[in-house]
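Next comes protein-v3.txt, a file with compact mmCIF, C-alpha atoms and all ligand atoms.
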```
# COMPACT_ATOMS: atom_id res chain seq x y z
CA MET U 19 7.61 4.74 -35.31
CA VAL U 20 11.20 4.44 -34.21
CA MET U 21 10.22 3.89 -30.57
CA GLU U 22 7.50 1.38 -31.40
CA ILE U 23 9.85 -0.99 -33.19
CA PHE U 24 11.78 -1.53 -30.00
CA SER U 25 8.79 -3.16 -28.33
CA PRO U 26 7.98 -6.88 -28.52
CA GLU U 27 4.30 -5.96 -28.98
CA TYR U 28 5.11 -4.31 -32.30
CA TRP U 29 6.70 -7.55 -33.54
CA ASP U 30 3.87 -9.68 -32.10
CA ARG U 31 1.44 -7.63 -34.16
CA GLN U 32 3.49 -8.11 -37.34
CA TYR U 33 3.25 -11.89 -36.86
CA GLN U 34 -0.45 -11.78 -35.96
CA GLU U 35 -1.29 -9.59 -38.95
CA GLY U 36 0.85 -11.64 -41.31
CA LYS U 37 3.12 -8.69 -42.11
CA THR U 38 6.20 -10.87 -42.28
CA GLY U 39 7.75 -10.04 -45.62
CA TRP U 40 11.19 -10.94 -44.24
CA ASP U 41 10.19 -14.55 -43.60
CA ILE U 42 11.06 -16.73 -46.59
CA GLY U 43 9.64 -19.88 -45.01
CA TYR U 44 12.83 -21.94 -45.01
CA VAL U 45 16.52 -21.60 -44.19
CA SER U 46 18.04 -19.05 -46.56
CA PRO U 47 20.52 -20.57 -49.03
CA PRO U 48 23.54 -18.43 -47.95
CA ILE U 49 23.04 -19.34 -44.30
CA LYS U 50 22.40 -22.98 -45.17
CA GLU U 51 25.62 -23.12 -47.14
CA TYR U 52 27.51 -21.55 -44.27
CA ILE U 53 26.09 -24.10 -41.83
CA ASP U 54 26.84 -26.97 -44.21
CA GLN U 55 30.57 -26.26 -44.11
CA LEU U 56 30.73 -26.25 -40.29
CA THR U 57 32.20 -29.51 -39.11
CA ASP U 58 32.28 -29.09 -35.34
CA LYS U 59 28.83 -30.15 -34.16
CA SER U 60 29.62 -29.17 -30.58
CA LEU U 61 29.68 -25.42 -31.37
CA ASN U 62 27.65 -23.21 -29.07
CA ILE U 63 25.44 -21.27 -31.48
CA LEU U 64 23.07 -18.35 -30.89
CA VAL U 65 20.47 -17.27 -33.44
CA PRO U 66 19.15 -13.90 -32.20
CA GLY U 67 16.02 -12.19 -33.53
CA ALA U 68 15.27 -15.65 -34.87
CA GLY U 69 11.59 -15.09 -35.71
CA SER U 70 10.29 -18.25 -37.35
CA ALA U 71 13.75 -19.66 -36.73
CA TRP U 72 14.19 -21.74 -39.88
CA GLU U 73 17.95 -21.54 -39.29
CA VAL U 74 17.53 -22.93 -35.79
CA GLU U 75 15.45 -25.80 -37.06
CA TYR U 76 18.02 -26.56 -39.77
CA LEU U 77 20.92 -26.43 -37.31
CA PHE U 78 19.20 -28.66 -34.80
CA ASN U 79 18.12 -31.19 -37.42
CA ASN U 80 21.73 -31.31 -38.57
CA ASP U 81 23.00 -32.26 -35.13
CA PHE U 82 24.12 -28.87 -33.88
CA LYS U 83 22.51 -29.60 -30.53
CA ASN U 84 24.03 -26.59 -28.77
CA THR U 85 21.92 -24.19 -30.78
CA PHE U 86 19.88 -21.50 -29.02
CA LEU U 87 16.99 -19.47 -30.38
CA LEU U 88 16.49 -15.96 -29.04
CA ASP U 89 13.56 -13.65 -29.69
CA PHE U 90 11.52 -11.27 -27.55
CA SER U 91 8.26 -11.74 -29.48
CA ALA U 92 5.97 -14.14 -27.61
CA GLU U 93 4.02 -14.72 -30.81
CA SER U 94 7.06 -15.81 -32.82
CA ILE U 95 8.06 -18.20 -30.05
CA ARG U 96 4.54 -19.58 -29.68
CA ARG U 97 4.54 -20.34 -33.41
CA PHE U 98 7.96 -21.96 -33.31
CA ARG U 99 6.95 -24.20 -30.40
CA GLU U 100 3.84 -25.23 -32.30
CA ARG U 101 5.85 -26.06 -35.41
CA TYR U 102 8.68 -27.79 -33.58
CA PRO U 103 7.29 -29.28 -30.34
CA ASP U 104 10.38 -31.45 -29.81
CA PHE U 105 12.80 -28.53 -29.69
CA PRO U 106 14.28 -28.33 -26.15
CA GLU U 107 12.57 -25.69 -24.07
CA ASP U 108 15.83 -24.68 -22.38
CA HIS U 109 17.26 -23.72 -25.79
CA ILE U 110 14.53 -21.15 -26.33
CA LEU U 111 15.58 -17.77 -24.97
CA PHE U 112 12.53 -15.57 -24.72
CA GLU U 113 14.27 -12.30 -23.96
CA ASP U 114 15.62 -9.04 -25.25
CA PHE U 115 18.86 -9.50 -27.18
CA PHE U 116 20.40 -6.52 -25.42
CA GLU U 117 19.69 -8.03 -21.99
CA HIS U 118 21.03 -11.47 -22.84
CA THR U 119 24.21 -12.79 -21.29
CA GLY U 120 26.14 -15.80 -22.54
CA GLN U 121 29.19 -16.89 -24.50
CA TYR U 122 28.96 -18.38 -27.96
CA ASP U 123 31.26 -19.80 -30.63
CA ARG U 124 28.96 -18.60 -33.38
CA ILE U 125 26.20 -16.04 -33.72
CA ILE U 126 24.19 -16.57 -36.89
CA GLU U 127 21.56 -14.16 -38.05
CA GLN U 128 19.62 -12.90 -41.00
CA THR U 129 17.56 -9.72 -41.24
CA PHE U 130 17.72 -9.14 -37.47
CA ILE U 131 20.04 -6.16 -37.83
CA THR U 132 17.59 -4.67 -40.33
CA SER U 133 15.14 -4.28 -37.42
CA PHE U 134 17.31 -1.44 -36.15
CA PRO U 135 17.82 1.96 -37.72
CA PRO U 136 21.47 2.67 -38.55
CA GLN U 137 21.94 4.98 -35.54
CA HIS U 138 21.15 2.05 -33.20
CA ARG U 139 23.50 -0.47 -34.74
CA ARG U 140 26.53 0.47 -32.71
CA ALA U 141 24.81 -1.14 -29.70
CA PHE U 142 24.07 -4.20 -31.83
CA ALA U 143 27.74 -4.59 -32.83
CA ARG U 144 28.86 -4.14 -29.23
CA LYS U 145 26.42 -6.80 -28.04
CA VAL U 146 27.55 -9.29 -30.67
CA TYR U 147 31.13 -8.66 -29.58
CA GLU U 148 30.23 -9.20 -25.93
CA LEU U 149 28.37 -12.48 -26.57
CA LEU U 150 31.15 -14.11 -28.60
CA LYS U 151 33.94 -16.12 -27.07
CA PRO U 152 37.46 -15.03 -28.03
CA GLY U 153 37.90 -16.07 -31.65
CA GLY U 154 34.15 -16.63 -31.98
CA LYS U 155 32.44 -15.69 -35.23
CA PHE U 156 29.40 -13.80 -36.39
CA ALA U 157 27.82 -14.95 -39.65
CA GLY U 158 25.16 -12.62 -41.00
CA LEU U 159 23.08 -12.03 -44.06
CA MET U 160 21.92 -8.44 -44.45
CA PHE U 161 20.56 -6.06 -47.05
CA ASN U 162 23.09 -3.95 -48.92
CA HIS U 163 20.74 -1.30 -50.19
CA GLU U 164 18.53 1.39 -48.77
CA PHE U 165 14.74 1.13 -48.83
CA PRO U 166 12.65 4.00 -50.20
CA PHE U 167 10.55 4.13 -46.99
CA ASP U 168 10.99 4.35 -43.25
CA GLY U 169 11.64 0.84 -41.88
CA PRO U 170 11.71 -1.74 -40.64
CA PRO U 171 13.35 -3.13 -42.57
CA PHE U 172 16.14 -0.58 -42.53
CA GLY U 173 18.71 -1.08 -45.24
CA GLY U 174 22.44 -0.59 -45.14
CA THR U 175 25.58 -0.45 -47.22
CA LYS U 176 28.84 -2.35 -47.19
CA LYS U 177 30.61 0.86 -46.24
CA GLU U 178 28.36 1.24 -43.20
CA TYR U 179 28.84 -2.38 -42.07
CA VAL U 180 32.61 -2.18 -42.47
CA HIS U 181 32.65 0.97 -40.37
CA LEU U 182 30.41 -0.65 -37.77
CA PHE U 183 32.35 -3.87 -37.31
CA LYS U 184 35.96 -3.08 -38.15
CA GLU U 185 36.94 -2.10 -34.64
CA GLY U 186 36.09 -5.35 -32.85
CA PHE U 187 36.21 -7.85 -35.67
CA VAL U 188 38.42 -9.24 -38.40
CA ILE U 189 36.30 -9.22 -41.53
CA GLU U 190 36.82 -12.69 -43.03
CA THR U 191 34.08 -12.34 -45.63
CA MET U 192 31.80 -9.48 -46.65
CA GLU U 193 30.52 -10.04 -50.15
CA ILE U 194 27.33 -9.83 -52.13
CA ALA U 195 25.76 -13.24 -51.63
CA TYR U 196 25.85 -15.20 -54.88
CA ASN U 197 23.18 -17.61 -53.67
CA SER U 198 20.44 -15.26 -52.45
CA ILE U 199 16.84 -16.13 -53.24
CA LYS U 200 15.73 -14.57 -56.54
CA PRO U 201 13.91 -11.46 -55.22
CA ARG U 202 16.97 -10.55 -53.12
CA LYS U 203 19.64 -11.30 -55.74
CA GLY U 204 22.45 -8.77 -55.64
CA ARG U 205 20.80 -7.03 -52.68
CA GLU U 206 22.27 -8.97 -49.76
CA LEU U 207 25.69 -9.10 -48.17
CA PHE U 208 26.92 -12.26 -46.57
CA MET U 209 29.52 -11.72 -43.90
CA VAL U 210 31.67 -13.71 -41.52
CA LEU U 211 33.37 -11.67 -38.82
CA ARG U 212 35.84 -13.04 -36.29
CA LYS U 213 36.04 -11.42 -32.90
CA LYS U 214 39.42 -9.82 -32.39
CA SER U 215 41.24 -11.01 -29.32
CA GLY U 216 42.12 -8.50 -26.63
C1 LIG E 1 12.74 -8.86 -39.25
S1 LIG E 1 12.42 -10.15 -38.12
C2 LIG E 1 13.60 -11.36 -38.63
C3 LIG E 1 13.27 -12.77 -38.20
C4 LIG E 1 14.19 -13.88 -38.75
N1 LIG E 1 15.58 -13.60 -38.49
C5 LIG E 1 13.96 -14.10 -40.23
O1 LIG E 1 14.80 -13.71 -41.04
O2 LIG E 1 12.90 -14.66 -40.57
C6 LIG E 1 13.16 -9.52 -36.64
C7 LIG E 1 12.95 -10.40 -35.42
O3 LIG E 1 13.74 -9.85 -34.35
C8 LIG E 1 12.98 -9.83 -33.16
N2 LIG E 1 13.52 -8.73 -32.34
C9 LIG E 1 13.55 -7.40 -32.62
N3 LIG E 1 14.18 -6.73 -31.65
C10 LIG E 1 14.57 -7.65 -30.73
C11 LIG E 1 15.29 -7.59 -29.50
N4 LIG E 1 15.72 -6.42 -29.01
N5 LIG E 1 15.52 -8.73 -28.81
C12 LIG E 1 15.08 -9.93 -29.30
N6 LIG E 1 14.40 -10.06 -30.46
C13 LIG E 1 14.15 -8.94 -31.17
C14 LIG E 1 11.54 -9.64 -33.61
O4 LIG E 1 10.63 -10.12 -32.64
C15 LIG E 1 11.51 -10.45 -34.90
O5 LIG E 1 11.14 -11.79 -34.68
```
Now, as a test, write the supplied structure out as structure tokens.
Amino acid sequence: MVMEIFSPEYWDRQYQEGKTGWDIGYVSPPIKEYIDQLTDKSLNILVPGAGSAWEVEYLFNNDFKNTFLLDFSAESIRRFRERYPDFPEDHILFEDFFEHTGQYDRIIEQTFITSFPPQHRRAFARKVYELLKPGGKFAGLMFNHEFPFDGPPFGGTKKEYVHLFKEGFVIETMEIAYNSIKPRKGRELFMVLRKKSG
């Protein structure tokens, strides 16, 4: 199982078979609220593991025109293109997150990290660090509980996330989201991490 989840074909199948319990069908309220307080529309923003990419759609419709969607599932990208034909093709990054190169002011994600078992998250944190400009920020919404089954999704705890990110980032916010959707109330952490300089 653990090997399979690293392949795009695994994720394609989840979309094709409708096994997309993570997908709430619209931009999640904590991420929406975070976006709504951003004033600089010129920010270079990456949404990795974007899936249906509701956040990308919301950003773009709210004039954040330097927003980029990244996902390695052809099926998720095919669906996004179908839903949003006017989205610029050169802002769709059909590639593996770990292979991507670029420099961003913001990386915004939800439930992407839960695709990876805890022992693989060090690489995730390193990649986020690498892709952010100095002073750039990561805003993420992630589960703060463990699941009673083998993932994905894989859960996590605040303690684990602090340990994971404290080296490279200043933790500006890491709190239980007060505005999660009802089924996830009290079970998600919202975090904003600023890349440390040097
Ligand atoms: C659990 S889904 C979350 C999708 C979306 N963030 C949401 O909340 O609806 C994880 C997504 O990450 C993508 N993914 C997993 N590993 C990836 C990787 N190494 N590079 C790029 N995308 C990846 C999958 O294709 C899938 O669309």
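Atom to atom, atom CA of Phe115 of chain U and atom CA of Ala141 of chain U stand 10.6 Å apart.
We find atom C6 of ligand LIG 1 (chain E) and atom CA of Ser215 of chain U to be spaced 29.1 Å apart.
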| Which residue gives the smallest distance to Arg101 of chain U among U:Lys151, U:Val180, U:Phe161, U:Ser70, with only C-alpha atoms counted? | U:Ser70
Hey, could you pull the box centre and edge lengths for ligand LIG 1 (chain E), axis-aligned, 8 Å padding per side, all listed atoms, to one decimal in Å, as JSON?
```
{"center_x": 13.2, "center_y": -10.5, "center_z": -34.9, "size_x": 21.1, "size_y": 24.2, "size_z": 28.2}
```
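Minimum atom-to-atom distances from U:Phe134, U:Phe165, U:Phe187, U:Phe112 to Glu148 of chain U were compared using only C-alpha atoms, and the lowest value belongs to U:Phe187.
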Expected answer as a tab-separated table (two decimals) with C-alpha atoms, in the frame of the given file: all residues with atoms within 10 Å of (25.2, -13.6, -49.4), all atoms listed in the file:
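The result, stored in selection.tsv:
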```tsv
chain	number	residue	atom	x	y	z
U	46	SER	CA	18.04	-19.05	-46.56
U	47	PRO	CA	20.52	-20.57	-49.03
U	48	PRO	CA	23.54	-18.43	-47.95
U	49	ILE	CA	23.04	-19.34	-44.30
U	51	GLU	CA	25.62	-23.12	-47.14
U	52	TYR	CA	27.51	-21.55	-44.27
U	158	GLY	CA	25.16	-12.62	-41.00
U	159	LEU	CA	23.08	-12.03	-44.06
U	160	MET	CA	21.92	-8.44	-44.45
U	161	PHE	CA	20.56	-6.06	-47.05
U	162	ASN	CA	23.09	-3.95	-48.92
U	191	THR	CA	34.08	-12.34	-45.63
U	192	MET	CA	31.80	-9.48	-46.65
U	193	GLU	CA	30.52	-10.04	-50.15
U	194	ILE	CA	27.33	-9.83	-52.13
U	195	ALA	CA	25.76	-13.24	-51.63
U	196	TYR	CA	25.85	-15.20	-54.88
U	197	ASN	CA	23.18	-17.61	-53.67
U	198	SER	CA	20.44	-15.26	-52.45
U	199	ILE	CA	16.84	-16.13	-53.24
U	202	ARG	CA	16.97	-10.55	-53.12
U	203	LYS	CA	19.64	-11.30	-55.74
U	204	GLY	CA	22.45	-8.77	-55.64
U	205	ARG	CA	20.80	-7.03	-52.68
U	206	GLU	CA	22.27	-8.97	-49.76
U	207	LEU	CA	25.69	-9.10	-48.17
U	208	PHE	CA	26.92	-12.26	-46.57
U	209	MET	CA	29.52	-11.72	-43.90
```
